[in-house]
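Only one structure is covered here, and it is reproduced in the block below.
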Amino acid sequence: MRHGKYRFLVGALIVPLALYGVFVLSPYLQAFQLSFTNWNGVDSAPEFTGFDNYVKLLDDPLFLAGLRHNGLMLLVVPLAVIVVALALAAATKGTRVYRVVYFFPQLLSVAIIAVLWQFVYTPNSGLLNGALSAVGLDSWRRSWLAEPDLALWCVMAVMIWSAVGFYVVLFSAAMESVPADIMEAAAIDGAGSVTVFRRITLPLIWESVQVGWIYLGIAALDGFALVQIMTVGPGGPDNSTEVMGLGLYRAAFTFGKFGYASAMGVAIFFATLTIAALLLRVTRRERVELA
Amino acid sequence: MNLTRRTALAGVAAVAASTGLAACATAGGDDGDKVKQGDTSAENPLGVSAEAALEVVIFKGGYGDQYAIDAGTSLKQKFPKVAVDHKGIQGVGEVLQPRFVADSPPDVVDNSGAGRLDLATLVSAGKLTDLTSLLDAPSLDDPGKKVRDTLMPGVIEDGTFDGKPLVLNYSSVLWGVWYSKSLFAKHGWTFPKTWDEMLTLNDEIKKAGLHPWTWQGKYPEYLNDPLVSLAAKAGGFDLVKSIDNLQPGAWQSPAMLAAAEAIYQLAVRGHIMPGSEGLSHTEAQNAWCKGQVAFIPCGSWLEGEQQAVTPAGFDMVMGTVPALTGSDKLPNGAVMAASSESFIVPAKAKNVPGGLEFLRHLFSQKVARGFAETAKALPVVAGATDGLNLSSGLGSVAEAVKAAGPNVFSYKFRTWYAPLSKALDDATGELATKRINPQQWAGRVQKAADAVAKDSSIVKHQR
């Protein structure tokens, strides 16, 4: 009987595992291997170049710009999304309509979001400049995505806009599982709503927040699709929105340096892994046990 | 094409077998299943085997692929037993990259479109057949004329890498400054002959309540084209060569600096429609088609691209970039032209003679005329559009070719050194928004050119 169960398990898993191995694991491993070569994408016998690609990464101004911008996104995006999502989740407790509305961006693919926001930001007929003019703020009109000081912030605003909805729903669900009697007891003891949120709600939903940090941290190291579709250049103006993913794509498909691009991929892989591990550690708190 | 599961499996097996062979082959040992060149004759100058199959992969983009189907039909009329396997696809690079790696590529490839393979990479990896024998073969239409003598000036050079013709482009692209003939007639404006006249006319256009210029700000390379054209006119072919050969200081030469200054003046004098730097190519081109703007820089594909939104009676025409100074080295009609739709015969193709013969048919008058009609673009076969009733834009492009005569120039660095083009695009975007001045612009681009020159991992070319 037991024997039959294992046979069934193996039979059921072999196909997905094989697919996973062929289409996920082996490309990863090959990327590691290629990152030590000068493969140009079409050559059948690339040369082994040791750590050359990695050494070059360290003084490639484009890659370093990407690293800087992803770093800034890592500082801004997760924090902003979590703060906004927590505020919205707390404010809309019990009114489901808003949650559905906030969730809408989640249903759109990144490409569509990027194209839509490009229309919002476009200088002469865009929604944003139009709205500013409509309320008499003509002097605030800008070529949003074409100004080096603003472009990255415009991209981050879109990242935040598109991510908030999901976390509102996540945090709302977590908040609903906080027992009402604890809240009532706190209210009777004279705690204001801010104190209740800080001292009771937040600690009790911390695990969800922690998950949010990690997901958002990983997302902040990407940003490729938005930058590629929305920005000037792309990655501009003057590399002010360059991200590591875009640099990788360009190195491989425009410059024909697949070995070098693989080295970038490996670097991003380790950066992501490190960030995830760090975030797990930093956000660790004592777990609150509900009796 | 008759693709059954059995033939597909056979194909897979063949690919697998040839990869296996390639993997274990020592030098030159893997040509076993190649079609040998047959006897050549006046009728069959390339020695095509009358029965070997021919696989043709064409980029099916803006120009469609009817012209390549026509070429296949033309070839079959001569060699009825040759099975032509025509595939019109997008994403040429994704489909063919693994086949180039495995050394089992098709016999003819139109390596074009956004997802094409990087030509410089294919060249440096030695993946392409030398096309000299095709160029020296008699043309299909006139046996007394070699194929090389039926093409427009510059076409062979465009596909020549270090003295070897490896690529033949099919569509001729010219770059200039576009305007609406009817709009200009209404205001009594004439297209300027020199850059000074351009600036004067721009002031007049501004007074009439129009924006003189816009550009496709999201993709700064569109504004590079008039800039480097101005420089080439002032500095002549020597300047073009010195730029392509990465000569020290070439980007800071007087002609190049003056050209940057000319474009910079558009920004300084407020001749560029505000916000242009944030517009995509469609947004900028549509603003121009709506008559809000007088000039836009673009290549000769503009008419086809704008077909759906161009109002009736707009009559767009392409003017050649005006002269930069009174003492330009090239005469006034000189124009930047290049060719696109890059046809190659892979070095490891099974049927190289067949691939070359296909190109001989492709570059014939009949197929080229069909291309002008179906693709609404100028084929590189000289005289192919004679007597055709061309639209206003395409007509102006054909005229520009005639007016230029031998004074056609093109830069190679875009194909040769992608990192340099990227640096140039970034710098020009900054120049057009006045965030840097011409000196800074030249300094930045020169630095990028020097970096490419120093980088030993980038294969260098000379012209």
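Each chain in the structure tokens gets a letter, A, B and so on, in the order shown; residues start at 1 in every chain, and ligands are counted from 1 in the order they appear.
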Requested in this report: When you get a sec, could you note down which chain A residues fall within 7 Å of chain B, using only C-alpha atoms, as a PyMOL selection string?
Outcome: chain A and resi 40+42-44+122-124+143+145-146+232-233+237-238+254-256
**Report entry** Residues near B:Thr200, cut-off 12 Å, only C-alpha atoms, skip fewer than 6 positions along chain, as JSON, numbers by chain
**Finding:** {"B": [189, 190, 191, 192, 193, 194, 206, 207, 212, 265, 266, 269, 271]}
Residues just named, written with C-alpha atoms as a short mmCIF file (atom, residue, chain, number, x, y, z; two decimals), in the first residue's frame:
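Here's the written file result-v1.cif:
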```cif
data_model
loop_
_atom_site.label_atom_id
_atom_site.label_comp_id
_atom_site.auth_asym_id
_atom_site.auth_seq_id
_atom_site.Cartn_x
_atom_site.Cartn_y
_atom_site.Cartn_z
CA TRP B 189 7.53 79.11 -47.31
CA THR B 190 10.26 77.30 -49.21
CA PHE B 191 12.48 74.59 -47.83
CA PRO B 192 15.80 76.20 -46.75
CA LYS B 193 19.07 75.50 -48.54
CA THR B 194 21.39 76.41 -45.65
CA LYS B 206 7.01 80.93 -35.07
CA LYS B 207 5.44 84.25 -35.95
CA PRO B 212 9.09 75.14 -36.21
CA GLN B 265 20.60 76.61 -31.73
CA LEU B 266 17.16 75.06 -32.38
CA ARG B 269 16.17 79.88 -29.93
CA HIS B 271 12.44 76.54 -32.22
#
```
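If only C-alpha atoms are the atoms counted, then among B:Ala185, B:Cys298, B:Ala334, B:Ala50 the closest residue to B:Lys78 is B:Ala50.
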Report task. State, in Å with one decimal place, the distance from atom CA of A:Leu279 to atom CA of A:Ala80. Result ->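 Computing it gives 15.7 Å between the two atoms.
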Requested in this report: Can you list, as a list of chain:residue names, all residues belonging to stretch 141-193 of chain B that DSSP tags as strand (DSSP E or B)?
Outcome: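 Residues of stretch 141-193 of chain B classed as strand (DSSP E or B): B:Lys146, B:Leu151, B:Thr160, B:Phe161, B:Lys164, B:Pro165, B:Leu168, B:Asn169, B:Tyr170, B:Ser171, B:Ser172, B:Val173, B:Leu174, B:Trp175, B:Gly176, B:Val177, B:Trp178, B:Tyr179, B:Ser180.
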Put those residues in a file: N, CA and C atoms, as a JSON list (two decimals), in the first residue's frame.
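As written to disk, part-v7.json reads:
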```json
[["chain", "number", "residue", "atom", "x", "y", "z"],
["B", 146, "LYS", "N", 26.76, 42.96, -64.34],
["B", 146, "LYS", "CA", 26.92, 42.20, -63.11],
["B", 146, "LYS", "C", 25.90, 42.68, -62.07],
["B", 151, "LEU", "N", 22.96, 47.90, -58.50],
["B", 151, "LEU", "CA", 22.54, 48.40, -57.19],
["B", 151, "LEU", "C", 22.87, 49.89, -57.04],
["B", 160, "THR", "N", 29.55, 45.75, -46.31],
["B", 160, "THR", "CA", 30.92, 45.27, -46.39],
["B", 160, "THR", "C", 31.63, 45.41, -45.05],
["B", 161, "PHE", "N", 32.19, 44.34, -44.59],
["B", 161, "PHE", "CA", 32.92, 44.36, -43.33],
["B", 161, "PHE", "C", 34.37, 43.99, -43.63],
["B", 164, "LYS", "N", 35.07, 42.63, -47.05],
["B", 164, "LYS", "CA", 34.28, 41.49, -47.54],
["B", 164, "LYS", "C", 32.80, 41.85, -47.56],
["B", 165, "PRO", "N", 32.14, 41.72, -48.73],
["B", 165, "PRO", "CA", 30.69, 41.94, -48.75],
["B", 165, "PRO", "C", 29.98, 40.73, -48.13],
["B", 168, "LEU", "N", 23.64, 42.04, -47.87],
["B", 168, "LEU", "CA", 23.05, 42.89, -48.88],
["B", 168, "LEU", "C", 21.70, 43.39, -48.38],
["B", 169, "ASN", "N", 21.59, 44.70, -48.28],
["B", 169, "ASN", "CA", 20.33, 45.26, -47.81],
["B", 169, "ASN", "C", 19.40, 45.50, -48.98],
["B", 170, "TYR", "N", 18.11, 45.42, -48.69],
["B", 170, "TYR", "CA", 17.16, 45.48, -49.79],
["B", 170, "TYR", "C", 16.45, 46.80, -49.93],
["B", 171, "SER", "N", 16.17, 47.43, -48.78],
["B", 171, "SER", "CA", 15.38, 48.65, -48.84],
["B", 171, "SER", "C", 16.30, 49.83, -48.61],
["B", 172, "SER", "N", 16.15, 50.85, -49.43],
["B", 172, "SER", "CA", 17.00, 52.01, -49.29],
["B", 172, "SER", "C", 16.32, 53.00, -48.36],
["B", 173, "VAL", "N", 17.05, 53.47, -47.38],
["B", 173, "VAL", "CA", 16.49, 54.42, -46.43],
["B", 173, "VAL", "C", 17.29, 55.71, -46.51],
["B", 174, "LEU", "N", 16.59, 56.83, -46.67],
["B", 174, "LEU", "CA", 17.25, 58.12, -46.67],
["B", 174, "LEU", "C", 16.81, 58.88, -45.44],
["B", 175, "TRP", "N", 17.67, 59.74, -44.92],
["B", 175, "TRP", "CA", 17.28, 60.56, -43.79],
["B", 175, "TRP", "C", 17.22, 62.02, -44.19],
["B", 176, "GLY", "N", 16.19, 62.70, -43.75],
["B", 176, "GLY", "CA", 16.07, 64.11, -44.07],
["B", 176, "GLY", "C", 15.14, 64.80, -43.10],
["B", 177, "VAL", "N", 14.67, 65.96, -43.52],
["B", 177, "VAL", "CA", 13.76, 66.74, -42.70],
["B", 177, "VAL", "C", 12.45, 66.83, -43.48],
["B", 178, "TRP", "N", 11.36, 66.45, -42.83],
["B", 178, "TRP", "CA", 10.08, 66.33, -43.52],
["B", 178, "TRP", "C", 9.20, 67.56, -43.29],
["B", 179, "TYR", "N", 8.42, 67.89, -44.31],
["B", 179, "TYR", "CA", 7.45, 68.97, -44.16],
["B", 179, "TYR", "C", 6.26, 68.69, -45.05],
["B", 180, "SER", "N", 5.19, 69.46, -44.83],
["B", 180, "SER", "CA", 3.99, 69.30, -45.63],
["B", 180, "SER", "C", 4.02, 70.31, -46.77]]
```
**Report entry** Selection near B:Gln440, 12 Å with only C-alpha atoms, sequence-local residues under 6 positions removed, as a list in words
**Finding:**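 Contacts, with the query itself left out: Trp251, Gln252, Leu257, Ala260, Glu261, Tyr264, Leu424, Ala427, Thr428, Glu430, Leu431, Lys434, Gln446 and Lys447 of chain B.
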Query raised in the report: What is the atom CA of A:Gly223-atom CA of A:Pro78 distance in Å, reported with one decimal?
Result: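 We find that atom CA of A:Gly223 and atom CA of A:Pro78 lie 12.8 Å from each other.
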Query raised in the report: So which residues touch A:Ser139 within 10 Å, counting only C-alpha atoms, skipping near sequence neighbours fewer than 4 positions away, as a ChimeraX atom specification?
Result: /A:129,132-133
Report task. Just the helix (DSSP H, G or I) stuff from stretch 40-222 of chain A, please, per backbone DSSP, written as a ChimeraX atom specification. Result -> /A:52-58,61-91,96-107,110-121,127-134,138-140,144-146,148-176,180-188,193-204,206-220
Requested in this report: Just the residues within 9 Å of A:Ala252, please, counting only C-alpha atoms, with nothing from its chain fewer than 6 positions along; format it as a VMD selection string.
Outcome: chain A and resid 40 to 41 258 to 262
How about saving the chosen residues, N, CA and C atoms kept, as a PDB file, in the first residue's frame?
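Result written to out_6.pdb:
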```pdb
ATOM      1  N   ASN A  40      29.051  35.504 -27.283  1.00  0.00           N
ATOM      2  CA  ASN A  40      28.412  36.634 -27.952  1.00  0.00           C
ATOM      3  C   ASN A  40      27.001  36.305 -28.417  1.00  0.00           C
ATOM      4  N   GLY A  41      26.513  35.128 -28.071  1.00  0.00           N
ATOM      5  CA  GLY A  41      25.132  34.800 -28.413  1.00  0.00           C
ATOM      6  C   GLY A  41      24.993  33.913 -29.626  1.00  0.00           C
ATOM      7  N   PHE A 258      26.557  38.274 -24.350  1.00  0.00           N
ATOM      8  CA  PHE A 258      25.733  37.406 -23.508  1.00  0.00           C
ATOM      9  C   PHE A 258      26.491  36.936 -22.272  1.00  0.00           C
ATOM     10  N   GLY A 259      27.793  36.749 -22.391  1.00  0.00           N
ATOM     11  CA  GLY A 259      28.571  36.336 -21.239  1.00  0.00           C
ATOM     12  C   GLY A 259      28.545  37.401 -20.152  1.00  0.00           C
ATOM     13  N   TYR A 260      28.760  38.630 -20.577  1.00  0.00           N
ATOM     14  CA  TYR A 260      28.762  39.754 -19.648  1.00  0.00           C
ATOM     15  C   TYR A 260      27.378  39.931 -19.025  1.00  0.00           C
ATOM     16  N   ALA A 261      26.330  39.784 -19.865  1.00  0.00           N
ATOM     17  CA  ALA A 261      24.967  39.908 -19.355  1.00  0.00           C
ATOM     18  C   ALA A 261      24.676  38.816 -18.333  1.00  0.00           C
ATOM     19  N   SER A 262      25.220  37.620 -18.570  1.00  0.00           N
ATOM     20  CA  SER A 262      25.015  36.541 -17.602  1.00  0.00           C
ATOM     21  C   SER A 262      25.664  36.899 -16.269  1.00  0.00           C
TER      22      SER A 262
END
```
**Report entry** Distance query B:Trp213 at most 7 Å, only C-alpha atoms, self and fewer than 5 positions along chain excluded, as a PyMOL selection string
**Finding:** chain B and resi 271-273+293-296
Report summary line: B:Ile436 proximity check over B:Gly91, B:Ser396, B:Val57, B:Ala267, using only C-alpha atoms: winner is B:Ala267
